[in-house]
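Enquirer: If you scroll down you'll find the structure; I have some questions about it.
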Amino acid sequence: MNTNEVIVSIQNVSKAFGKQEVLNDISLNVYKGEIFGLLGPSGAGKTTLVKMLTGLDLPNRGENHLFQEKMPSLKLIEKIGYMAQSDALYGELTAKENLEFFGALFGLNGKALQSRISKVMDVVELSDHLNKTVHHYSGGMKRRLSLATALLHEPELLILDEPTVGIDPVLRMSIWRAFYELNEKGVSIIVTTHVMGEAEKCHRLAMLRDGRLIAVGTPEQLKADTDSSSIEEAFLAYGGVKA
Amino acid sequence: MRVRALVIRILRQIIRDKRTLGLLIFAPILILTMLHLVFNGDDYVPKVGLVDIPEAFEEQLDLDDADITKYTNIESANKDTEKQLLDGYITFENTSPSIVLEGSDPNVNGATIKWLQKALAPLQSSDANELDIEFIHGSEDMSQFDYFGPVLLGFFIFFFVFLIAGVSFLRERTTGTLERLLSSPLRKWEIVVGYIIGFGIFTLLQATIIAAYAIYVLGMLMEGSFIYVLLITLTLSLTALTLGILLSAFANNELQMIQFIPIVVVPQIFFSGLFNLETISPWLNWIGPLTPLYYAADALRNVMVRGYGWGDIYINLFVLLGFSALFIFLNISALQRYRKI
């Protein structure tokens, strides 16, 4: 799946809010066609890092490059599908109206927009609830609709911040199935998670702790290198605690 | 295209929220109706006692429009006044009248004194001619409601647009949709323009309904052109909208947005001409020209009471547009916090 084409390059990035340091000298490459996981407990700096990749924040030091161009750039924004930690939907509107709105922001309209809407709702298995007010959606449905809005404009790179938090295992599996399907079509995916088990589903992983990058590699590699049987053990080992 | 999507979304949201929609249109109508009933009620009829008045005098007095009770001694009149059964009484010492008032309610005092002056007029030297008064604007029949009305009209538009726009932008921030907008190709100015057009369309509708109700149903004085009234309210709502959005950046939740009402909205009433600015103490009345409502109220009064046109309101409109431009500029720079480009 992976090629050697770098699509995301994080170069010596540091970020502090006031005196509080959130990211400390992070350097990372993500290759085209990868499902790349950012694993770490809450407060590790995952969201901050991801926000910088989408242009919502700027590093204090270092640079982020996407598709060989420096972020932030409005041109790059169109190539990214971003799903934030909060669902960011308009509760008074129906799913369809939400999708129409976000689609129009990316320049979709008319038939093309309608066909994309039915396609993405298919992917997240919400086709039957298209005309329901989002207000009446359950938490898991909102999460999936939020994912659908990120997929609308067929981005080359998906950046997903905790996409499966609060979702039951059956749904989580179906969402991951959707990720793999997209990935097969050539979409690269960066996904943050604090669930160790979920991290094993990624092609490659970066482990973050207290704003520092403690390890990067495939799940198998990371486990083998630390002689661990699970990602959780490996994380502890890299964090300096031998289980 | 993107702006259009934003406008459609805002209008859809307003229409979906039936309760807010009702508040925006019926609350002002309800309050205006009540004020109309309060200010256009009957004139106060003073209750006056006459104490031991010589018949010759009594015949000369004009005793219409008052509740007259006759007394034979001062003590009983005094007692009834204390009990508030009387607003005041007249006694005659020798040939000159002397008046005692209950005095605790300034409105009643005013009405009673006014009546007394009229009643006692025949006793004054008879060569005083009745004054011939001509009105440049308004008329003898113009009520308080006619004078307050234009200010209130402006105030309601300002208040509701400020609150609704502020809260809806605040929600955009707290639910994370603002972040989502900013992670799309939408430009910052497009967000502000979308909000302005979306709420602008709605306010135009709201202002038309409220103003038409006040003028054609309640009979509020309307000398000028309806179009100017709409133009002024639309300009005012633009100011309210941009100020609401700006202040929402300093609130973390709806309650904190409401806290701006006593600080930002209510004080404007005092300086908008509801009360005469010249009588407000000089170390406060400079605030008036700093408040948007001051200009809107003046323009509305010029049109509705004085029947003036464009030539007399355009300066006020430009000042309001100036306020809006300032707020828009500050809004766009406040959004800088969220996306650097």
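In the structure tokens, chains take the letters A, B, ... in the order shown, each chain's residues start at 1, and ligands count up from 1 in the order shown.
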Mind listing as a list in words which residues of chain B are within 8 Å of chain A, counting only C-alpha atoms?
Expert: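 My answer is Met1, Arg2, Ala5, Leu6, Arg9, Arg12, Gln13, Arg16, Asp17, Thr175, Gly176, Thr177, Leu178, Glu179, Arg180, Leu182, Ser183, Ser184, Pro185, Leu186, Tyr338, Arg339, Lys340 and Ile341 of chain B.
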Enquirer: Counting only C-alpha atoms, what is within 9 Å of Asn183 of chain A, bar same-chain residues fewer than 3 positions away, as a ChimeraX atom specification?
Expert: /A:1,33-35,178-180,186-189
Enquirer: With a distance cut-off of 12 Å and only C-alpha atoms, select the neighbouring residues of Thr233 of chain B, excluding the residue or stretch itself and same-chain residues fewer than 4 positions from it, and output the selection as a compact mmCIF listing (two decimals) with all heavy atoms, in the first residue's frame.
Expert:
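Result written to out-v5.txt:
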```txt
# COMPACT_ATOMS: atom_id res chain seq x y z
N PRO B 150 -40.71 55.51 18.05
CA PRO B 150 -39.58 55.29 17.14
C PRO B 150 -38.35 54.76 17.86
O PRO B 150 -37.65 53.88 17.35
CB PRO B 150 -39.33 56.69 16.57
CG PRO B 150 -40.62 57.39 16.70
CD PRO B 150 -41.27 56.86 17.94
N VAL B 151 -38.10 55.27 19.08
CA VAL B 151 -36.94 54.80 19.83
C VAL B 151 -37.10 53.33 20.19
O VAL B 151 -36.19 52.53 20.04
CB VAL B 151 -36.75 55.64 21.12
CG1 VAL B 151 -35.55 55.13 21.89
CG2 VAL B 151 -36.60 57.10 20.77
N LEU B 152 -38.32 53.00 20.64
CA LEU B 152 -38.56 51.61 21.05
C LEU B 152 -38.45 50.65 19.87
O LEU B 152 -37.89 49.57 19.97
CB LEU B 152 -39.94 51.49 21.68
CG LEU B 152 -40.04 52.20 23.03
CD1 LEU B 152 -41.48 52.23 23.50
CD2 LEU B 152 -39.16 51.51 24.06
N LEU B 153 -38.97 51.10 18.75
CA LEU B 153 -38.88 50.30 17.53
C LEU B 153 -37.42 49.96 17.23
O LEU B 153 -37.06 48.81 17.00
CB LEU B 153 -39.46 51.11 16.37
CG LEU B 153 -40.06 50.37 15.21
CD1 LEU B 153 -41.19 49.49 15.67
CD2 LEU B 153 -40.56 51.37 14.17
N GLY B 154 -36.59 50.98 17.28
CA GLY B 154 -35.16 50.79 17.04
C GLY B 154 -34.56 49.88 18.10
O GLY B 154 -33.78 48.98 17.80
N PHE B 155 -34.97 50.10 19.34
CA PHE B 155 -34.39 49.33 20.43
C PHE B 155 -34.67 47.84 20.29
O PHE B 155 -33.79 47.01 20.46
CB PHE B 155 -34.92 49.84 21.77
CG PHE B 155 -34.49 48.97 22.92
CD1 PHE B 155 -33.18 49.00 23.36
CD2 PHE B 155 -35.37 48.10 23.52
CE1 PHE B 155 -32.76 48.19 24.40
CE2 PHE B 155 -34.97 47.28 24.56
CZ PHE B 155 -33.66 47.33 25.00
N PHE B 156 -35.93 47.50 19.96
CA PHE B 156 -36.28 46.08 19.84
C PHE B 156 -35.47 45.39 18.76
O PHE B 156 -34.97 44.29 18.94
CB PHE B 156 -37.77 45.91 19.55
CG PHE B 156 -38.60 46.17 20.76
CD1 PHE B 156 -39.69 47.01 20.71
CD2 PHE B 156 -38.28 45.57 21.97
CE1 PHE B 156 -40.45 47.26 21.83
CE2 PHE B 156 -39.04 45.82 23.10
CZ PHE B 156 -40.12 46.66 23.02
N ILE B 157 -35.36 46.06 17.62
CA ILE B 157 -34.59 45.49 16.53
C ILE B 157 -33.15 45.26 17.00
O ILE B 157 -32.58 44.19 16.83
CB ILE B 157 -34.58 46.44 15.31
CG1 ILE B 157 -36.00 46.78 14.90
CG2 ILE B 157 -33.76 45.85 14.18
CD1 ILE B 157 -36.70 45.79 14.05
N PHE B 158 -32.59 46.28 17.61
CA PHE B 158 -31.21 46.20 18.07
C PHE B 158 -31.04 45.05 19.06
O PHE B 158 -30.16 44.21 18.92
CB PHE B 158 -30.80 47.52 18.72
CG PHE B 158 -29.35 47.58 19.07
CD1 PHE B 158 -28.42 48.04 18.16
CD2 PHE B 158 -28.90 47.16 20.31
CE1 PHE B 158 -27.08 48.08 18.48
CE2 PHE B 158 -27.56 47.19 20.63
CZ PHE B 158 -26.66 47.65 19.72
N PHE B 159 -31.90 45.04 20.05
CA PHE B 159 -31.79 44.08 21.13
C PHE B 159 -31.86 42.64 20.63
O PHE B 159 -31.00 41.82 20.93
CB PHE B 159 -32.90 44.35 22.15
CG PHE B 159 -32.95 43.37 23.26
CD1 PHE B 159 -31.94 43.33 24.22
CD2 PHE B 159 -34.00 42.47 23.38
CE1 PHE B 159 -31.98 42.42 25.25
CE2 PHE B 159 -34.05 41.56 24.41
CZ PHE B 159 -33.03 41.54 25.35
N VAL B 161 -31.69 41.35 17.51
CA VAL B 161 -30.67 40.95 16.54
C VAL B 161 -29.33 40.74 17.24
O VAL B 161 -28.62 39.78 16.99
CB VAL B 161 -30.55 41.98 15.40
CG1 VAL B 161 -29.35 41.67 14.54
CG2 VAL B 161 -31.81 41.98 14.57
N GLY B 200 -29.50 39.86 7.76
CA GLY B 200 -30.06 41.06 7.13
C GLY B 200 -31.42 40.76 6.51
O GLY B 200 -32.38 41.50 6.71
N ILE B 201 -31.50 39.66 5.77
CA ILE B 201 -32.77 39.28 5.15
C ILE B 201 -33.83 39.08 6.22
O ILE B 201 -34.96 39.57 6.12
CB ILE B 201 -32.60 37.97 4.33
CG1 ILE B 201 -31.71 38.23 3.12
CG2 ILE B 201 -33.95 37.43 3.90
CD1 ILE B 201 -31.35 36.97 2.35
N PHE B 202 -33.43 38.39 7.26
CA PHE B 202 -34.40 38.12 8.31
C PHE B 202 -34.85 39.40 9.01
O PHE B 202 -36.03 39.60 9.27
CB PHE B 202 -33.82 37.13 9.31
CG PHE B 202 -34.79 36.85 10.39
CD1 PHE B 202 -35.88 36.03 10.15
CD2 PHE B 202 -34.67 37.45 11.63
CE1 PHE B 202 -36.82 35.82 11.13
CE2 PHE B 202 -35.61 37.23 12.61
CZ PHE B 202 -36.69 36.41 12.36
N THR B 203 -33.89 40.28 9.32
CA THR B 203 -34.25 41.52 10.02
C THR B 203 -35.18 42.38 9.20
O THR B 203 -36.07 43.04 9.73
CB THR B 203 -33.01 42.37 10.30
OG1 THR B 203 -31.94 41.54 10.57
CG2 THR B 203 -33.26 43.30 11.44
N LEU B 204 -34.95 42.38 7.91
CA LEU B 204 -35.79 43.19 7.03
C LEU B 204 -37.25 42.75 7.19
O LEU B 204 -38.16 43.58 7.29
CB LEU B 204 -35.33 43.01 5.58
CG LEU B 204 -35.72 44.12 4.63
CD1 LEU B 204 -35.20 45.45 5.14
CD2 LEU B 204 -35.16 43.84 3.25
N LEU B 205 -37.42 41.45 7.24
CA LEU B 205 -38.76 40.89 7.41
C LEU B 205 -39.32 41.25 8.78
O LEU B 205 -40.46 41.71 8.92
CB LEU B 205 -38.64 39.37 7.28
CG LEU B 205 -39.87 38.62 6.86
CD1 LEU B 205 -40.14 38.93 5.39
CD2 LEU B 205 -39.64 37.13 7.06
N GLN B 206 -38.48 41.07 9.78
CA GLN B 206 -38.90 41.34 11.15
C GLN B 206 -39.27 42.81 11.32
O GLN B 206 -40.33 43.15 11.86
CB GLN B 206 -37.75 40.96 12.11
CG GLN B 206 -38.07 41.15 13.57
CD GLN B 206 -36.83 41.36 14.40
OE1 GLN B 206 -35.76 41.70 13.88
NE2 GLN B 206 -36.94 41.21 15.70
N ALA B 207 -38.39 43.68 10.83
CA ALA B 207 -38.62 45.12 10.98
C ALA B 207 -39.89 45.54 10.25
O ALA B 207 -40.66 46.36 10.75
CB ALA B 207 -37.42 45.89 10.44
N THR B 208 -40.12 44.96 9.08
CA THR B 208 -41.33 45.31 8.32
C THR B 208 -42.58 44.96 9.12
O THR B 208 -43.50 45.77 9.24
CB THR B 208 -41.36 44.53 6.98
OG1 THR B 208 -40.10 44.68 6.35
CG2 THR B 208 -42.43 45.08 6.07
N ILE B 209 -42.57 43.75 9.67
CA ILE B 209 -43.76 43.32 10.41
C ILE B 209 -43.99 44.20 11.64
O ILE B 209 -45.08 44.71 11.88
CB ILE B 209 -43.62 41.84 10.84
CG1 ILE B 209 -43.59 40.95 9.59
CG2 ILE B 209 -44.77 41.43 11.75
CD1 ILE B 209 -43.31 39.50 9.88
N ILE B 210 -42.92 44.42 12.41
CA ILE B 210 -43.08 45.18 13.65
C ILE B 210 -43.46 46.63 13.37
O ILE B 210 -44.39 47.18 13.97
CB ILE B 210 -41.78 45.12 14.49
CG1 ILE B 210 -41.49 43.67 14.86
CG2 ILE B 210 -41.92 45.95 15.74
CD1 ILE B 210 -40.16 43.48 15.52
N ALA B 211 -42.76 47.23 12.42
CA ALA B 211 -43.04 48.64 12.12
C ALA B 211 -44.45 48.79 11.55
O ALA B 211 -45.19 49.70 11.92
CB ALA B 211 -42.00 49.18 11.14
N PHE B 226 -42.26 55.01 4.79
CA PHE B 226 -42.03 53.70 5.40
C PHE B 226 -40.68 53.11 4.98
O PHE B 226 -40.00 52.46 5.76
CB PHE B 226 -43.17 52.76 5.00
CG PHE B 226 -43.25 51.52 5.84
CD1 PHE B 226 -43.73 51.58 7.14
CD2 PHE B 226 -42.82 50.31 5.35
CE1 PHE B 226 -43.80 50.43 7.92
CE2 PHE B 226 -42.89 49.15 6.13
CZ PHE B 226 -43.38 49.23 7.41
N ILE B 227 -40.32 53.40 3.72
CA ILE B 227 -39.05 52.88 3.20
C ILE B 227 -37.87 53.36 4.04
O ILE B 227 -36.94 52.61 4.34
CB ILE B 227 -38.86 53.33 1.73
CG1 ILE B 227 -39.89 52.65 0.83
CG2 ILE B 227 -37.45 53.05 1.23
CD1 ILE B 227 -39.70 51.15 0.70
N TYR B 228 -37.93 54.62 4.46
CA TYR B 228 -36.83 55.14 5.28
C TYR B 228 -36.77 54.43 6.63
O TYR B 228 -35.69 54.17 7.15
CB TYR B 228 -36.99 56.64 5.49
CG TYR B 228 -36.69 57.45 4.25
CD1 TYR B 228 -37.56 58.44 3.82
CD2 TYR B 228 -35.54 57.22 3.51
CE1 TYR B 228 -37.30 59.18 2.68
CE2 TYR B 228 -35.27 57.94 2.38
CZ TYR B 228 -36.15 58.92 1.96
OH TYR B 228 -35.88 59.64 0.83
N VAL B 229 -37.94 54.12 7.18
CA VAL B 229 -37.95 53.39 8.45
C VAL B 229 -37.24 52.05 8.28
O VAL B 229 -36.41 51.66 9.10
CB VAL B 229 -39.40 53.18 8.94
CG1 VAL B 229 -39.43 52.25 10.16
CG2 VAL B 229 -40.04 54.51 9.29
N SER B 237 -29.70 47.16 12.41
CA SER B 237 -29.54 45.74 12.69
C SER B 237 -28.16 45.25 12.25
O SER B 237 -27.60 44.34 12.84
CB SER B 237 -30.64 44.93 12.03
OG SER B 237 -30.44 44.91 10.64
N LEU B 238 -27.63 45.89 11.22
CA LEU B 238 -26.27 45.55 10.80
C LEU B 238 -25.28 45.84 11.93
O LEU B 238 -24.39 45.05 12.24
CB LEU B 238 -25.91 46.37 9.56
CG LEU B 238 -24.54 46.16 8.96
CD1 LEU B 238 -24.43 44.75 8.39
CD2 LEU B 238 -24.27 47.16 7.86
N THR B 239 -25.49 46.99 12.59
CA THR B 239 -24.63 47.34 13.71
C THR B 239 -24.82 46.35 14.85
O THR B 239 -23.85 45.89 15.46
CB THR B 239 -24.98 48.76 14.20
OG1 THR B 239 -25.12 49.61 13.08
CG2 THR B 239 -23.91 49.30 15.10
N ALA B 240 -26.08 46.02 15.13
CA ALA B 240 -26.37 45.08 16.23
C ALA B 240 -25.74 43.72 15.95
O ALA B 240 -25.17 43.09 16.83
CB ALA B 240 -27.88 44.94 16.40
N LEU B 241 -25.86 43.29 14.70
CA LEU B 241 -25.33 41.99 14.29
C LEU B 241 -23.82 41.94 14.46
O LEU B 241 -23.27 41.03 15.08
CB LEU B 241 -25.70 41.75 12.83
CG LEU B 241 -25.06 40.56 12.14
CD1 LEU B 241 -25.78 39.30 12.55
CD2 LEU B 241 -25.10 40.71 10.65
N PRO B 292 -24.76 53.34 19.25
CA PRO B 292 -25.43 53.25 17.94
C PRO B 292 -26.91 53.64 18.00
O PRO B 292 -27.42 54.29 17.10
CB PRO B 292 -25.28 51.78 17.57
CG PRO B 292 -24.12 51.29 18.35
CD PRO B 292 -24.08 52.09 19.61
N LEU B 293 -27.57 53.25 19.08
CA LEU B 293 -29.00 53.48 19.16
C LEU B 293 -29.34 54.97 19.13
O LEU B 293 -30.40 55.37 18.64
CB LEU B 293 -29.54 52.84 20.45
CG LEU B 293 -31.03 52.49 20.46
CD1 LEU B 293 -31.39 51.64 19.26
CD2 LEU B 293 -31.39 51.76 21.74
N TYR B 295 -28.08 57.26 17.28
CA TYR B 295 -28.20 57.74 15.90
C TYR B 295 -29.45 57.17 15.22
O TYR B 295 -30.13 57.87 14.48
CB TYR B 295 -26.95 57.38 15.11
CG TYR B 295 -25.73 58.03 15.68
CD1 TYR B 295 -24.92 57.36 16.58
CD2 TYR B 295 -25.42 59.36 15.37
CE1 TYR B 295 -23.82 57.98 17.15
CE2 TYR B 295 -24.32 59.98 15.93
CZ TYR B 295 -23.52 59.29 16.82
OH TYR B 295 -22.46 59.91 17.38
N ALA B 296 -29.72 55.89 15.53
CA ALA B 296 -30.88 55.26 14.92
C ALA B 296 -32.16 55.92 15.43
O ALA B 296 -33.08 56.21 14.65
CB ALA B 296 -30.89 53.78 15.23
N ALA B 297 -32.21 56.17 16.74
CA ALA B 297 -33.42 56.76 17.32
C ALA B 297 -33.65 58.16 16.74
O ALA B 297 -34.78 58.53 16.41
CB ALA B 297 -33.28 56.83 18.83
N ASP B 298 -32.58 58.91 16.61
CA ASP B 298 -32.70 60.27 16.06
C ASP B 298 -33.24 60.20 14.63
O ASP B 298 -34.14 60.96 14.25
CB ASP B 298 -31.33 60.94 16.11
CG ASP B 298 -31.42 62.40 15.69
OD1 ASP B 298 -32.32 63.10 16.20
OD2 ASP B 298 -30.62 62.81 14.83
N ALA B 299 -32.68 59.29 13.84
CA ALA B 299 -33.12 59.17 12.45
C ALA B 299 -34.57 58.71 12.37
O ALA B 299 -35.36 59.24 11.59
CB ALA B 299 -32.21 58.19 11.70
N LEU B 300 -34.93 57.73 13.21
CA LEU B 300 -36.31 57.22 13.19
C LEU B 300 -37.30 58.32 13.57
O LEU B 300 -38.36 58.45 12.99
CB LEU B 300 -36.45 56.04 14.15
CG LEU B 300 -35.92 54.71 13.62
CD1 LEU B 300 -35.89 53.66 14.72
CD2 LEU B 300 -36.78 54.21 12.47
N VAL B 303 -37.87 60.75 10.80
CA VAL B 303 -38.76 60.27 9.75
C VAL B 303 -40.20 60.15 10.28
O VAL B 303 -41.14 60.65 9.67
CB VAL B 303 -38.28 58.90 9.21
CG1 VAL B 303 -39.32 58.30 8.28
CG2 VAL B 303 -36.96 59.07 8.49
N ASN B 316 -26.81 60.18 10.03
CA ASN B 316 -27.01 59.13 11.05
C ASN B 316 -26.74 57.75 10.48
O ASN B 316 -26.12 56.91 11.13
CB ASN B 316 -28.46 59.19 11.56
CG ASN B 316 -28.65 60.36 12.51
OD1 ASN B 316 -27.76 60.71 13.28
ND2 ASN B 316 -29.81 60.98 12.43
N LEU B 317 -27.23 57.52 9.24
CA LEU B 317 -27.02 56.21 8.63
C LEU B 317 -25.54 55.95 8.41
O LEU B 317 -25.05 54.84 8.65
CB LEU B 317 -27.77 56.12 7.30
CG LEU B 317 -29.30 56.09 7.39
CD1 LEU B 317 -29.91 55.93 6.02
CD2 LEU B 317 -29.76 54.96 8.30
N LEU B 320 -23.90 54.95 11.61
CA LEU B 320 -24.21 53.54 11.91
C LEU B 320 -23.37 52.60 11.06
O LEU B 320 -22.84 51.61 11.55
CB LEU B 320 -25.69 53.26 11.69
CG LEU B 320 -26.66 53.82 12.73
CD1 LEU B 320 -28.09 53.54 12.32
CD2 LEU B 320 -26.39 53.22 14.10
N LEU B 321 -23.24 52.93 9.78
CA LEU B 321 -22.41 52.11 8.89
C LEU B 321 -20.96 52.13 9.36
O LEU B 321 -20.25 51.13 9.28
CB LEU B 321 -22.52 52.59 7.45
CG LEU B 321 -23.84 52.27 6.75
CD1 LEU B 321 -23.86 52.87 5.35
CD2 LEU B 321 -24.07 50.76 6.68
```
Enquirer: Going by DSSP on the backbone, which residues of segment 34-78 of chain B come out as helix (DSSP H, G or I)? List them as a list in words.
Expert: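 Those in segment 34-78 of chain B that DSSP calls helix (DSSP H, G or I) are Met34, Leu35, His36, Leu37, Val38, Phe39, Glu55, Ala56, Phe57, Glu58, Glu59, Gln60, Ile74, Glu75, Ser76, Ala77 and Asn78 of chain B.
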Enquirer: For each of A:Ser42, A:Asp227, A:Leu23, A:Gln68, take the minimum atom-to-atom distance to Val165 of chain A, counting only C-alpha atoms, then give the residue where this is smallest.
Expert: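 Once distances to Val165 of chain A are computed over only C-alpha atoms, the minimum belongs to A:Ser42.
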Enquirer: Identify, on the basis of only C-alpha atoms, every residue whose closest approach to Ala121 of chain B does not exceed 8 Å; exclude the query and any residue fewer than 4 positions from it along the same chain; express the result as number ranges by chain.
Expert: B: 61-62, 117
Enquirer: Can you tell me which residues surround Thr174 of chain B at a distance of at most 8 Å, considering only C-alpha atoms, apart from same-chain residues fewer than 3 positions away, and format the answer as an MDAnalysis selection string?
Expert: chainID B and resid 170:171 177 252:253
Enquirer: Using only C-alpha atoms, which residues sit within 9 Å of Leu38 of chain A once same-chain residues fewer than 3 positions away are excluded, as a PyMOL selection string?
Expert: chain A and resi 46+190-194+199+204-208
Enquirer: Just give me the gap between atom CA of Thr164 of chain A and atom CA of Val123 of chain A in Å, one decimal is fine.
Expert: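 If I compute the distance from atom CA of Thr164 of chain A to atom CA of Val123 of chain A, I get 15.0 Å.
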Enquirer: Taking the DSSP secondary structure from the backbone, can you list the residues of segment 39-230 of chain A that are strand (DSSP E), as a PyMOL selection string?
Expert: chain A and resi 39+61-66+69-70+80-83+157-161+188-193+204-209+212-217
Enquirer: Calculate how many Å separate atom CA of Trp310 of chain B from atom CA of Ser143 of chain B, rounding to one decimal.
Expert: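 Computing it gives 25.4 Å between the two atoms.
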Enquirer: From the set B:Ala249, B:Leu277, B:Ala27, B:Leu86, which residue has the shortest atom-to-atom contact distance to Ser168 of chain B, counting only C-alpha atoms?
Expert: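 So, comparing all the options, the nearest one is B:Ala249.
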Enquirer: Find the residue from A:Ser14, A:Thr47, A:Asn29, A:Ser229 that sits nearest to Pro59 of chain A; use only C-alpha atoms when measuring.
Expert: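 Smallest distance to Pro59 of chain A is found for A:Ser14.
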Enquirer: For a test of reading the model, state the distance in Å between atom CA of Ile10 of chain B and atom CA of Gly198 of chain B, rounded to one decimal.
Expert: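 Here the two named atoms are 5.8 Å from each other.
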Enquirer: Which residues come within 8 Å of Val30 of chain A, counting only C-alpha atoms, excluding same-chain residues fewer than 3 positions away, as JSON, numbers by chain?
Expert: {"A": [6, 7, 8, 9, 34, 36]}
Enquirer: With distances taken over only C-alpha atoms, which residue among A:Val22, A:Phe17, A:Glu5, A:Trp176 lies nearest Gly211 of chain A?
Expert: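 Using only C-alpha atoms, Gly211 of chain A sits closest to A:Val22.
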